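Chemist: My structure file protein14.txt, compact mmCIF, C-alpha atoms, is below:
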# COMPACT_ATOMS: atom_id res chain seq x y z
CA MET P 1 15.76 -7.83 24.61
CA GLN P 2 12.57 -9.25 26.09
CA ARG P 3 10.00 -10.73 23.74
CA ILE P 4 6.75 -8.89 23.17
CA GLY P 5 4.30 -11.57 24.24
CA SER P 6 1.27 -10.04 22.59
CA LEU P 7 2.90 -9.84 19.14
CA SER P 8 4.26 -13.37 19.50
CA GLY P 9 0.73 -14.56 20.28
CA LEU P 10 -0.68 -12.72 17.27
CA LYS P 11 1.93 -14.40 15.06
CA VAL P 12 0.78 -17.79 16.34
CA ILE P 13 -2.83 -16.97 15.47
CA ALA P 14 -1.75 -15.79 12.00
CA LEU P 15 0.14 -19.08 11.49
CA ILE P 16 -2.93 -21.13 12.39
CA LEU P 17 -5.02 -19.05 9.99
CA LEU P 18 -2.41 -19.66 7.30
CA PHE P 19 -2.64 -23.40 7.93
CA TRP P 20 -6.42 -23.11 7.59
CA TRP P 21 -6.00 -21.31 4.25
CA HIS P 22 -3.70 -24.00 2.81
CA SER P 23 -5.47 -27.02 4.32
CA PRO P 24 -8.58 -28.86 3.05
CA ILE P 25 -10.71 -27.01 5.61
CA PRO P 26 -13.35 -25.00 3.71
CA ASN P 27 -12.09 -21.44 3.38
CA PRO P 28 -14.20 -18.41 4.32
CA HIS P 29 -14.99 -15.63 1.88
CA VAL P 30 -11.91 -13.80 3.12
CA ASP P 31 -8.39 -14.10 1.73
CA ILE P 32 -6.88 -14.99 5.10
CA GLY P 33 -3.67 -16.13 3.40
CA ALA P 34 -3.05 -12.65 2.00
CA ARG P 35 -4.04 -10.97 5.27
CA ALA P 36 -1.69 -13.22 7.28
CA CYS P 37 1.26 -12.41 4.99
CA GLU P 38 0.59 -8.66 5.18
CA PHE P 39 0.61 -8.95 8.95
CA PHE P 40 3.84 -11.00 8.94
CA PHE P 41 5.84 -8.47 6.92
CA VAL P 42 4.76 -5.51 9.01
CA VAL P 43 5.38 -7.30 12.31
CA SER P 44 8.75 -8.60 11.05
CA GLY P 45 9.87 -5.04 10.36
CA PHE P 46 8.55 -3.89 13.73
CA LEU P 47 10.46 -6.60 15.61
CA VAL P 48 13.72 -5.91 13.75
CA SER P 49 13.40 -2.25 14.75
CA TYR P 50 12.57 -3.29 18.32
CA ASN P 51 15.50 -5.69 18.62
CA TYR P 52 18.02 -3.21 17.24
CA SER P 53 16.69 -0.09 18.96
CA ASN P 54 19.53 -0.23 21.52
CA LYS P 55 22.15 -1.85 19.29
CA MET P 56 24.43 -0.45 16.65
CA MET P 57 24.07 -1.92 13.15
CA PRO P 58 26.43 -0.12 10.75
CA ALA P 59 24.78 0.92 7.50
CA THR P 60 27.22 -0.86 5.19
CA TRP P 61 26.91 -3.48 2.45
CA LYS P 62 29.17 -5.76 4.46
CA GLU P 63 26.81 -5.56 7.41
CA SER P 64 23.87 -6.31 5.10
CA CYS P 65 25.59 -9.46 3.84
CA LEU P 66 26.50 -10.55 7.37
CA TYR P 67 22.91 -10.06 8.53
CA VAL P 68 21.52 -12.09 5.63
CA LYS P 69 24.14 -14.79 6.23
CA LYS P 70 23.07 -14.99 9.87
CA LYS P 71 19.43 -15.43 8.85
CA LEU P 72 20.27 -17.95 6.11
CA SER P 73 22.12 -20.18 8.56
CA ARG P 74 18.83 -20.84 10.29
CA MET P 75 16.46 -20.66 7.32
CA TRP P 76 18.08 -22.51 4.47
CA PRO P 77 18.50 -26.05 5.89
CA LEU P 78 14.78 -26.34 6.68
CA HIS P 79 13.91 -24.71 3.36
CA PHE P 80 16.00 -27.42 1.68
CA VAL P 81 14.16 -30.17 3.57
CA ALA P 82 10.77 -28.75 2.54
CA PHE P 83 12.06 -28.49 -1.04
CA LEU P 84 13.04 -32.17 -1.03
CA ILE P 85 9.63 -33.17 0.33
CA CYS P 86 7.88 -31.33 -2.50
CA LEU P 87 10.40 -32.61 -5.06
CA SER P 88 9.56 -36.19 -4.09
CA LEU P 89 5.91 -35.57 -5.06
CA ILE P 90 6.73 -34.59 -8.65
CA PRO P 91 6.19 -37.36 -11.27
CA PHE P 92 9.46 -38.89 -12.42
CA SER P 93 8.76 -37.93 -16.03
CA ASP P 94 8.73 -34.24 -15.06
CA LEU P 95 11.85 -34.26 -12.90
CA PHE P 96 14.43 -33.49 -15.57
CA THR P 97 12.54 -31.05 -17.75
CA LYS P 98 14.02 -27.58 -18.32
CA LYS P 99 11.17 -25.98 -16.39
CA THR P 100 11.61 -28.18 -13.31
CA VAL P 101 15.39 -27.74 -13.27
CA PHE P 102 15.09 -23.96 -13.62
CA GLN P 103 12.46 -23.74 -10.88
CA ALA P 104 14.55 -25.96 -8.63
CA LEU P 105 17.63 -23.77 -9.03
CA ILE P 106 15.77 -20.52 -8.48
CA ASN P 107 14.03 -22.02 -5.41
CA LEU P 108 17.23 -23.30 -3.84
CA SER P 109 18.92 -19.95 -4.38
CA LEU P 110 15.84 -18.20 -2.90
CA PHE P 111 15.32 -15.85 -5.83
CA GLN P 112 11.85 -17.12 -6.77
CA SER P 113 9.92 -14.09 -5.52
CA TRP P 114 11.71 -11.94 -8.12
CA SER P 115 9.94 -13.89 -10.87
CA ILE P 116 6.71 -12.57 -12.37
CA ASP P 117 5.52 -16.10 -13.18
CA SER P 118 3.19 -17.60 -10.54
CA SER P 119 4.18 -21.14 -11.55
CA THR P 120 7.75 -20.21 -10.58
CA PHE P 121 7.35 -18.27 -7.34
CA PHE P 122 4.77 -20.77 -6.02
CA SER P 123 6.64 -23.86 -7.24
CA PHE P 124 7.74 -26.67 -4.87
CA ASN P 125 7.11 -25.45 -1.32
CA GLY P 126 4.62 -22.65 -1.92
CA THR P 127 5.51 -20.68 1.22
CA SER P 128 9.21 -20.41 0.36
CA TRP P 129 8.58 -17.20 -1.63
CA PHE P 130 8.24 -15.55 1.79
CA LEU P 131 11.88 -16.38 2.58
CA SER P 132 12.96 -14.94 -0.76
CA SER P 133 11.20 -11.64 -0.05
CA ILE P 134 12.06 -11.35 3.64
CA LEU P 135 15.76 -11.86 2.91
CA PHE P 136 15.62 -8.81 0.66
CA CYS P 137 14.10 -6.91 3.58
CA TYR P 138 16.84 -8.13 5.92
CA PHE P 139 19.48 -7.15 3.37
CA LEU P 140 18.23 -3.54 3.40
CA SER P 141 17.66 -3.43 7.18
CA PRO P 142 20.98 -1.80 8.17
CA PHE P 143 20.24 1.11 5.84
CA LEU P 144 16.54 1.35 6.63
CA LEU P 145 17.11 1.33 10.39
CA LYS P 146 19.21 4.46 10.06
CA THR P 147 16.23 6.30 8.55
CA VAL P 148 13.90 5.54 11.49
CA ASN P 149 16.22 6.18 14.44
CA THR P 150 14.29 9.26 15.59
CA ARG P 151 10.57 9.88 15.94
CA GLN P 152 10.54 12.56 13.26
CA ARG P 153 12.38 10.33 10.79
CA ALA P 154 10.14 7.40 11.71
CA VAL P 155 6.95 9.37 10.98
CA ILE P 156 8.30 10.57 7.62
CA SER P 157 9.51 7.06 6.72
CA PHE P 158 6.16 5.52 7.68
CA ILE P 159 4.23 8.00 5.53
CA MET P 160 6.60 7.40 2.61
CA ALA P 161 6.40 3.59 2.90
CA ILE P 162 2.60 3.50 3.11
CA GLY P 163 2.23 6.19 0.46
CA LEU P 164 4.41 4.32 -2.05
CA ARG P 165 2.68 1.05 -1.19
CA ILE P 166 -0.74 2.56 -1.96
CA LEU P 167 0.54 4.35 -5.08
CA ILE P 168 1.99 1.21 -6.65
CA GLU P 169 -1.16 -0.79 -6.05
CA LYS P 170 -3.38 2.03 -7.30
CA GLN P 171 -1.47 2.34 -10.56
CA GLN P 172 -1.80 -1.41 -11.12
CA ILE P 173 -5.55 -1.15 -10.62
CA LEU P 174 -5.76 1.74 -13.09
CA PHE P 175 -3.18 0.67 -15.68
CA GLY P 176 -2.57 -3.03 -15.04
CA SER P 177 1.04 -4.14 -15.47
CA GLU P 178 1.92 -1.56 -18.10
CA ILE P 179 4.25 0.30 -15.72
CA THR P 180 5.20 -2.37 -13.18
CA ALA P 181 4.87 -6.11 -13.52
CA TRP P 182 5.25 -6.77 -9.79
CA ASN P 183 2.97 -9.32 -8.21
CA LEU P 184 1.39 -7.63 -5.20
CA HIS P 185 1.50 -10.83 -3.15
CA VAL P 186 5.13 -11.89 -3.50
CA SER P 187 7.16 -8.96 -4.87
CA PRO P 188 10.15 -8.15 -2.63
CA VAL P 189 9.64 -4.45 -3.45
CA ILE P 190 6.00 -4.49 -2.33
CA ARG P 191 6.76 -6.56 0.75
CA GLY P 192 9.81 -4.42 1.44
CA LEU P 193 7.58 -1.35 1.76
CA GLU P 194 5.37 -3.19 4.25
CA PHE P 195 8.46 -4.27 6.18
CA TYR P 196 9.74 -0.68 6.12
CA ALA P 197 6.41 0.56 7.51
CA GLY P 198 6.87 -1.91 10.36
CA LEU P 199 10.40 -0.66 11.01
CA ALA P 200 9.16 2.92 11.29
CA LEU P 201 6.24 1.86 13.46
CA TYR P 202 8.33 0.96 16.54
CA PRO P 203 9.54 4.50 17.42
CA ILE P 204 6.00 5.76 16.74
CA SER P 205 4.56 3.13 19.11
CA LEU P 206 6.84 4.38 21.90
CA TRP P 207 5.59 7.90 21.28
CA PHE P 208 1.95 6.87 21.68
CA LYS P 209 2.80 4.75 24.70
CA ASP P 210 4.33 7.78 26.41
CA LEU P 211 1.20 9.81 25.69
CA LEU P 212 -0.94 7.14 27.35
CA ASN P 213 1.27 6.84 30.40
CA SER P 214 -1.04 7.05 33.42
CA LYS P 215 -2.19 5.03 36.40
CA HIS P 216 -5.07 3.70 34.28
CA ILE P 217 -2.83 2.56 31.43
CA ARG P 218 -3.83 -1.12 31.72
CA ILE P 219 -7.55 -0.37 31.61
CA ILE P 220 -7.09 2.03 28.71
CA SER P 221 -4.88 -0.49 26.84
CA SER P 222 -7.45 -3.24 27.36
CA LEU P 223 -10.26 -1.11 25.97
CA ILE P 224 -8.18 -0.04 22.96
CA GLU P 225 -7.15 -3.66 22.27
CA ILE P 226 -10.77 -4.84 22.32
CA ILE P 227 -11.93 -1.98 20.10
CA ILE P 228 -9.13 -2.30 17.52
CA THR P 229 -9.53 -6.10 17.40
CA LEU P 230 -13.27 -5.85 16.71
CA ILE P 231 -12.72 -3.12 14.11
CA THR P 232 -9.96 -5.13 12.38
CA LEU P 233 -12.06 -8.30 12.22
CA ALA P 234 -15.06 -6.39 10.92
CA LEU P 235 -13.06 -4.60 8.22
CA VAL P 236 -11.25 -7.75 7.09
CA VAL P 237 -14.62 -9.48 6.58
CA MET P 238 -16.68 -6.58 5.27
CA LYS P 239 -14.08 -4.96 3.02
CA GLU P 240 -12.87 -8.16 1.31
CA GLY P 241 -12.98 -7.50 -2.42
CA HIS P 242 -13.60 -3.77 -1.86
CA TRP P 243 -10.37 -2.56 -0.28
CA MET P 244 -6.89 -2.59 -1.75
CA ARG P 245 -4.33 -4.78 -0.02
CA ALA P 246 -2.49 -1.65 1.10
CA GLU P 247 -5.51 -0.52 3.09
CA PHE P 248 -5.44 -3.75 5.09
CA VAL P 249 -1.73 -3.13 5.70
CA VAL P 250 -2.62 0.19 7.36
CA ILE P 251 -5.14 -1.56 9.63
CA PHE P 252 -2.53 -4.13 10.66
CA CYS P 253 -0.06 -1.33 11.40
CA ILE P 254 -2.55 0.20 13.82
CA MET P 255 -3.24 -3.20 15.37
CA ILE P 256 0.47 -3.97 15.84
CA LEU P 257 1.08 -0.52 17.33
CA VAL P 258 -1.66 -1.08 19.94
CA TYR P 259 -0.61 -4.63 20.84
CA SER P 260 3.08 -3.69 21.06
CA TRP P 261 2.34 -1.97 24.37
CA ASP P 262 1.64 -5.47 25.74
CA MET P 263 -0.46 -4.16 28.61
CA GLY P 264 -4.09 -5.05 27.87
CA ILE P 265 -6.25 -8.00 28.78
CA ILE P 266 -5.98 -9.63 25.33
CA SER P 267 -2.19 -9.21 25.47
CA ASN P 268 -2.20 -11.15 28.73
CA VAL P 269 -4.08 -14.00 27.05
CA LEU P 270 -1.70 -13.97 24.08
CA SER P 271 1.25 -14.25 26.47
CA THR P 272 0.03 -17.45 28.15
CA TYR P 273 1.96 -20.72 28.09
CA ILE P 274 0.16 -22.34 25.16
CA PHE P 275 1.16 -19.45 22.88
CA LYS P 276 4.73 -19.51 24.19
CA LEU P 277 4.91 -23.24 23.49
CA PHE P 278 3.76 -22.82 19.90
CA GLU P 279 6.04 -19.82 19.44
CA ARG P 280 9.10 -22.06 19.79
CA ILE P 281 8.31 -23.76 16.50
CA GLU P 282 6.67 -20.87 14.64
CA PHE P 283 9.35 -20.65 11.93
CA GLU P 284 9.38 -24.40 11.42
CA PHE P 285 5.59 -24.44 11.26
CA PHE P 286 5.52 -21.72 8.63
CA ILE P 287 8.05 -23.45 6.36
CA LEU P 288 6.79 -27.03 6.71
CA HIS P 289 3.02 -26.80 6.97
CA GLN P 290 2.20 -26.55 3.27
CA ALA P 291 4.70 -29.27 2.32
CA ILE P 292 3.15 -31.67 4.86
CA ILE P 293 -0.36 -30.80 3.66
CA LYS P 294 0.77 -31.64 0.11
CA VAL P 295 2.11 -35.03 1.25
CA VAL P 296 -1.13 -35.99 3.00
CA ASP P 297 -3.17 -34.79 0.04
CA HIS P 298 -0.89 -36.52 -2.51
CA PHE P 299 -1.27 -39.98 -1.05
CA SER P 300 -5.01 -39.47 -0.49
CA ILE P 301 -4.94 -41.93 2.40
CA LEU P 302 -7.65 -40.04 4.25
CA ALA P 303 -9.57 -38.64 1.29
CA SER P 304 -12.56 -40.90 1.91
CA TYR P 305 -12.82 -39.63 5.51
CA GLY P 306 -13.30 -35.99 4.46
CA TRP P 307 -11.51 -32.73 5.08
CA LYS P 308 -11.82 -32.93 8.88
CA TYR P 309 -9.59 -35.99 9.22
CA GLN P 310 -7.21 -34.86 6.50
CA SER P 311 -6.72 -31.49 8.17
CA LEU P 312 -6.38 -32.95 11.66
CA VAL P 313 -3.78 -35.51 10.58
CA SER P 314 -1.90 -32.84 8.60
CA PHE P 315 -1.85 -30.52 11.62
CA ILE P 316 -0.58 -33.26 13.95
CA LEU P 317 2.10 -34.32 11.45
CA VAL P 318 3.24 -30.72 11.07
CA LEU P 319 3.57 -30.32 14.84
CA ILE P 320 5.50 -33.59 15.18
CA THR P 321 7.82 -32.76 12.28
CA CYS P 322 8.46 -29.27 13.65
CA TYR P 323 9.25 -30.61 17.10
CA VAL P 324 11.62 -33.27 15.77
CA TRP P 325 13.45 -30.73 13.63
CA LYS P 326 13.70 -28.19 16.44
CA ARG P 327 14.79 -30.78 18.99
CA PHE P 328 17.33 -32.76 16.99
CA PHE P 329 18.37 -30.93 13.83
CA SER P 330 17.94 -27.16 14.10
CA ASP P 331 21.13 -26.36 16.03
CA ILE P 332 23.23 -28.92 14.17
CA THR P 333 22.28 -27.68 10.71
CA LYS P 334 22.82 -24.06 11.77
CA LYS P 335 26.36 -24.92 12.85
CA TRP P 336 26.96 -26.66 9.53
CA MET P 337 25.79 -23.58 7.68
CA ASP P 338 27.95 -21.32 9.83
CA ASN P 339 30.99 -23.48 9.15
CA ILE P 340 30.30 -23.46 5.41
CA CYS P 341 30.04 -19.66 5.45
CA LEU P 342 33.30 -19.42 7.39
CA LEU P 343 35.08 -21.18 4.55
CA TYR P 344 34.31 -18.23 2.30
CA THR P 345 34.18 -15.28 4.68
CA SER P 346 36.07 -14.28 7.78
CA PRO P 347 33.79 -13.65 10.78
CA SER P 348 33.37 -10.17 12.20
CA PRO P 349 33.79 -9.59 15.95
CA ARG P 350 30.03 -9.10 16.23
CA ASP P 351 29.35 -12.47 14.58
CA VAL P 352 31.66 -14.20 17.02
CA GLU P 353 29.98 -12.46 19.95
CA GLU P 354 26.44 -13.35 18.77
CA SER P 355 27.34 -16.99 18.12
Represent the structure from my file as structure tokens, please.

Modeler:
Amino acid sequence: MQRIGSLSGLKVIALILLFWWHSPIPNPHVDIGARACEFFFVVSGFLVSYNYSNKMMPATWKESCLYVKKKLSRMWPLHFVAFLICLSLIPFSDLFTKKTVFQALINLSLFQSWSIDSSTFFSFNGTSWFLSSILFCYFLSPFLLKTVNTRQRAVISFIMAIGLRILIEKQQILFGSEITAWNLHVSPVIRGLEFYAGLALYPISLWFKDLLNSKHIRIISSLIEIIITLITLALVVMKEGHWMRAEFVVIFCIMILVYSWDMGIISNVLSTYIFKLFERIEFEFFILHQAIIKVVDHFSILASYGWKYQSLVSFILVLITCYVWKRFFSDITKKWMDNICLLYTSPSPRDVEES
């Protein structure tokens, strides 16, 4: 299916904000790292629903495993490279301790987001917890897609996902971790609910798009995009520290729904060449940016020049590394992973067709 240019452009902006959050650039009084991740999980669910709206994905455990295997073939090699980069920064005396070995194993197996220990799920490459949680979402996708394949089911599923997401966070505010010990930032269950809300959002977005169908649709879409963007920015700034995370998730759901129509003036800007160019390396940028920032910070080569030079050099190095990986290693490593998987599983006809 065709890409949705506006959502791709928003993902690029969220990636740049995430780089800002992890870099030496002074951070604003807004948790832009948390907001970016909330956006990513909702939009990931939305795009899975979009891409499979006209395809058949059987709701079976075998299909779940095949879908995760397909995603791992692309994800894991680069995750391993980022892991090695971060491993090289650890003092030699700490390399063979029980803690380091345990964290290394749980990172490489991508189970770190299931831990309740922040030193574990943020160990080595800090952004790799995202892969751990999103793989859980992908694993459940064949079953979840079946529950949002009609508008009525999608509305019910969306209300359930958001309702549970709010309920879990509210009980943690009231009772702490007495009932659940899930970390609201990394927990696959929490992020799975956000992903599920995104899945349900696609059929709902089509419904609203049909209601707005008129000869003035582009003007109306442009006005709605401008209004929802201003409201979102204002709420993210003004409600920091006052709203629950789940409330920001709802705002991002509304924003994604509006931009998914891809018809307004801001959507046109987000679909321009510069965003398309960056989009080609968005996954690589997400996985590598924090590891590269750590390298530059570790050697302190530019520390005396201040955060501006450190951040600029880090950003340039990330772009170069991403390009080199995408150009020379991405396809090769994916084939290696596919061949390794074939040694243990026989391919389905759909796998052969997609490859």

Chemist: Between P:Trp243, P:Phe139, P:Phe285, P:Tyr196, which is the closest to Val68 of chain P once you count only C-alpha atoms?

Modeler: P:Phe139

Chemist: Write out as number ranges by chain the residues lying within 9 Å of Ser187 of chain P, counting all atoms listed in the file and excluding same-chain residues fewer than 2 positions away.

Modeler: P: 113-116, 129, 133, 182-185, 189-192

Chemist: Within 10 Å of Cys137 of chain P, counting all atoms listed in the file, which residues show up once you throw out same-chain ones fewer than 3 positions away? Write them as a PyMOL selection string, please.

Modeler: chain P and resi 41+44-45+64+68+131-134+140-142+144+188-189+191-196

Chemist: Please list as number ranges by chain every residue within 10 Å of Asn268 of chain P, counting only C-alpha atoms and excluding residues in the same chain fewer than 2 positions away.

Modeler: P: 5-6, 9, 222, 262-266, 270-272

Chemist: Do a neighbour search on Thr100 of chain P at 12 Å with only C-alpha atoms, toss out local chain neighbours closer than 2 positions, and write the hits as a list in words.

Modeler: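 Residues near the query, excluding close chain neighbours: Cys86, Leu87, Ile90, Pro91, Phe92, Ser93, Asp94, Leu95, Phe96, Thr97, Lys98, Phe102, Gln103, Ala104, Leu105, Ile106, Asn107, Ser119, Thr120, Ser123 and Phe124 of chain P.
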
Chemist: Take the point (8.2, -34.2, -0.8) in the file's coordinates, draw a sphere of radius 10 Å around it, and report as a ChimeraX atom specification every protein, DNA or RNA residue with an atom inside or on it, counting all atoms listed in the file.

Modeler: /P:81-90,124-125,291-292,294-295,298

Chemist: Residues near Phe275 of chain P, anyone? I mean within 12 Å using all atoms listed in the file, not counting same-chain ones fewer than 3 positions away, as a list of chain:residue names.

Modeler: P:Ile4, P:Gly5, P:Ser6, P:Leu7, P:Ser8, P:Gly9, P:Leu10, P:Lys11, P:Val12, P:Ile13, P:Ala14, P:Leu15, P:Ile16, P:Ser267, P:Asn268, P:Val269, P:Leu270, P:Ser271, P:Thr272, P:Phe278, P:Glu279, P:Arg280, P:Ile281, P:Glu282

Chemist: Let me see the file: selected residues, C-alpha atoms, as a PDB file, in the coordinates of the input.

Modeler:
ATOM      1  CA  ILE P   4       6.750  -8.890  23.170  1.00  0.00           C
ATOM      2  CA  GLY P   5       4.300 -11.570  24.240  1.00  0.00           C
ATOM      3  CA  SER P   6       1.270 -10.040  22.590  1.00  0.00           C
ATOM      4  CA  LEU P   7       2.900  -9.840  19.140  1.00  0.00           C
ATOM      5  CA  SER P   8       4.260 -13.370  19.500  1.00  0.00           C
ATOM      6  CA  GLY P   9       0.730 -14.560  20.280  1.00  0.00           C
ATOM      7  CA  LEU P  10      -0.680 -12.720  17.270  1.00  0.00           C
ATOM      8  CA  LYS P  11       1.930 -14.400  15.060  1.00  0.00           C
ATOM      9  CA  VAL P  12       0.780 -17.790  16.340  1.00  0.00           C
ATOM     10  CA  ILE P  13      -2.830 -16.970  15.470  1.00  0.00           C
ATOM     11  CA  ALA P  14      -1.750 -15.790  12.000  1.00  0.00           C
ATOM     12  CA  LEU P  15       0.140 -19.080  11.490  1.00  0.00           C
ATOM     13  CA  ILE P  16      -2.930 -21.130  12.390  1.00  0.00           C
ATOM     14  CA  SER P 267      -2.190  -9.210  25.470  1.00  0.00           C
ATOM     15  CA  ASN P 268      -2.200 -11.150  28.730  1.00  0.00           C
ATOM     16  CA  VAL P 269      -4.080 -14.000  27.050  1.00  0.00           C
ATOM     17  CA  LEU P 270      -1.700 -13.970  24.080  1.00  0.00           C
ATOM     18  CA  SER P 271       1.250 -14.250  26.470  1.00  0.00           C
ATOM     19  CA  THR P 272       0.030 -17.450  28.150  1.00  0.00           C
ATOM     20  CA  PHE P 278       3.760 -22.820  19.900  1.00  0.00           C
ATOM     21  CA  GLU P 279       6.040 -19.820  19.440  1.00  0.00           C
ATOM     22  CA  ARG P 280       9.100 -22.060  19.790  1.00  0.00           C
ATOM     23  CA  ILE P 281       8.310 -23.760  16.500  1.00  0.00           C
ATOM     24  CA  GLU P 282       6.670 -20.870  14.640  1.00  0.00           C
TER      25      GLU P 282
END

Chemist: Quick check, in Å to one decimal: how far apart do atom CA of Met160 of chain P and atom CA of Phe121 of chain P lie?

Modeler: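 Separating atom CA of Met160 of chain P from atom CA of Phe121 of chain P is a distance of 27.5 Å.
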
Chemist: P:Ser49, P:Val318, P:Met255, P:Val249: which is nearest Leu230 of chain P, counting only C-alpha atoms?

Modeler: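 That would be P:Met255, the residue with the smallest distance to Leu230 of chain P.
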
Chemist: Suppose you want the space between atom CA of Leu110 of chain P and atom CA of Ser128 of chain P; what is it in Å?

Modeler: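 Distance between the two atoms: 7.7 Å.
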
Chemist: Nearest residue to Phe283 of chain P out of P:Ile217, P:Met75, P:Ala181, P:Ile228, using only C-alpha atoms?

Modeler: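 Of P:Ile217, P:Met75, P:Ala181, P:Ile228, the one nearest Phe283 of chain P is P:Met75, counting only C-alpha atoms.
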
Chemist: So what do you get for atom CA of Ser73 of chain P versus atom CA of Lys334 of chain P, distance-wise?

Modeler: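 These two atoms are separated by 5.1 Å.
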
Chemist: For Ile204 of chain P, which residue out of P:Asn339, P:Gln152, P:Gln172, P:Thr232 is the nearest one, using only C-alpha atoms?

Modeler: P:Gln152

Chemist: Find the smallest box with edges along x, y and z containing every listed atom of segment 109-119 of chain P, then add 5 Å on each side and report centre and edge lengths in Å to one decimal, as lines of an AutoDock Vina configuration file.

Modeler:
center_x = 11.1
center_y = -16.5
center_z = -8.0
size_x = 25.7
size_y = 19.2
size_z = 20.3

Chemist: Neighbourhood query: residues within 10 Å of (27.1, -22.1, 11.4), file coordinates, counting all atoms listed in the file; return as a ChimeraX atom specification.

Modeler: /P:69-70,72-74,331-342,355

Chemist: Could you please fill out segment 19-24 of chain P with all heavy atoms and send it back as a compact mmCIF listing (two decimals), in the frame of the given file?

Modeler:
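Wrote it out as result-v3.txt, contents follow:
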# COMPACT_ATOMS: atom_id res chain seq x y z
N PHE P 19 -2.43 -21.96 8.08
CA PHE P 19 -2.64 -23.40 7.93
C PHE P 19 -4.06 -23.66 7.44
O PHE P 19 -4.28 -24.49 6.54
CB PHE P 19 -2.41 -24.12 9.26
CG PHE P 19 -2.71 -25.59 9.22
CD1 PHE P 19 -1.74 -26.50 8.84
CD2 PHE P 19 -3.99 -26.07 9.54
CE1 PHE P 19 -2.02 -27.86 8.77
CE2 PHE P 19 -4.28 -27.42 9.48
CZ PHE P 19 -3.30 -28.32 9.10
N TRP P 20 -5.02 -22.98 8.02
CA TRP P 20 -6.42 -23.11 7.59
C TRP P 20 -6.55 -22.81 6.10
O TRP P 20 -7.19 -23.55 5.36
CB TRP P 20 -7.27 -22.14 8.43
CG TRP P 20 -8.73 -22.09 8.07
CD1 TRP P 20 -9.40 -22.89 7.17
CD2 TRP P 20 -9.71 -21.19 8.59
NE1 TRP P 20 -10.73 -22.54 7.10
CE2 TRP P 20 -10.94 -21.50 7.96
CE3 TRP P 20 -9.66 -20.16 9.52
CZ2 TRP P 20 -12.12 -20.79 8.25
CZ3 TRP P 20 -10.83 -19.46 9.81
CH2 TRP P 20 -12.04 -19.79 9.17
N TRP P 21 -5.90 -21.74 5.64
CA TRP P 21 -6.00 -21.31 4.25
C TRP P 21 -5.44 -22.36 3.29
O TRP P 21 -5.97 -22.57 2.20
CB TRP P 21 -5.27 -19.99 4.07
CG TRP P 21 -5.36 -19.40 2.70
CD1 TRP P 21 -4.36 -19.29 1.78
CD2 TRP P 21 -6.53 -18.83 2.08
NE1 TRP P 21 -4.81 -18.68 0.64
CE2 TRP P 21 -6.15 -18.39 0.79
CE3 TRP P 21 -7.85 -18.65 2.50
CZ2 TRP P 21 -7.05 -17.78 -0.08
CZ3 TRP P 21 -8.74 -18.05 1.62
CH2 TRP P 21 -8.34 -17.62 0.36
N HIS P 22 -4.36 -23.03 3.69
CA HIS P 22 -3.70 -24.00 2.81
C HIS P 22 -4.24 -25.42 2.97
O HIS P 22 -3.96 -26.28 2.14
CB HIS P 22 -2.18 -24.02 3.08
CG HIS P 22 -1.50 -22.77 2.63
ND1 HIS P 22 -0.49 -22.17 3.35
CD2 HIS P 22 -1.68 -22.00 1.52
CE1 HIS P 22 -0.07 -21.10 2.71
NE2 HIS P 22 -0.77 -20.97 1.60
N SER P 23 -4.98 -25.67 4.03
CA SER P 23 -5.47 -27.02 4.32
C SER P 23 -6.78 -27.30 3.59
O SER P 23 -7.37 -26.40 2.99
CB SER P 23 -5.68 -27.18 5.83
OG SER P 23 -6.84 -26.46 6.24
N PRO P 24 -7.27 -28.54 3.68
CA PRO P 24 -8.58 -28.86 3.05
C PRO P 24 -9.79 -28.26 3.76
O PRO P 24 -10.90 -28.39 3.27
CB PRO P 24 -8.62 -30.40 3.13
CG PRO P 24 -7.23 -30.84 3.35
CD PRO P 24 -6.58 -29.75 4.14
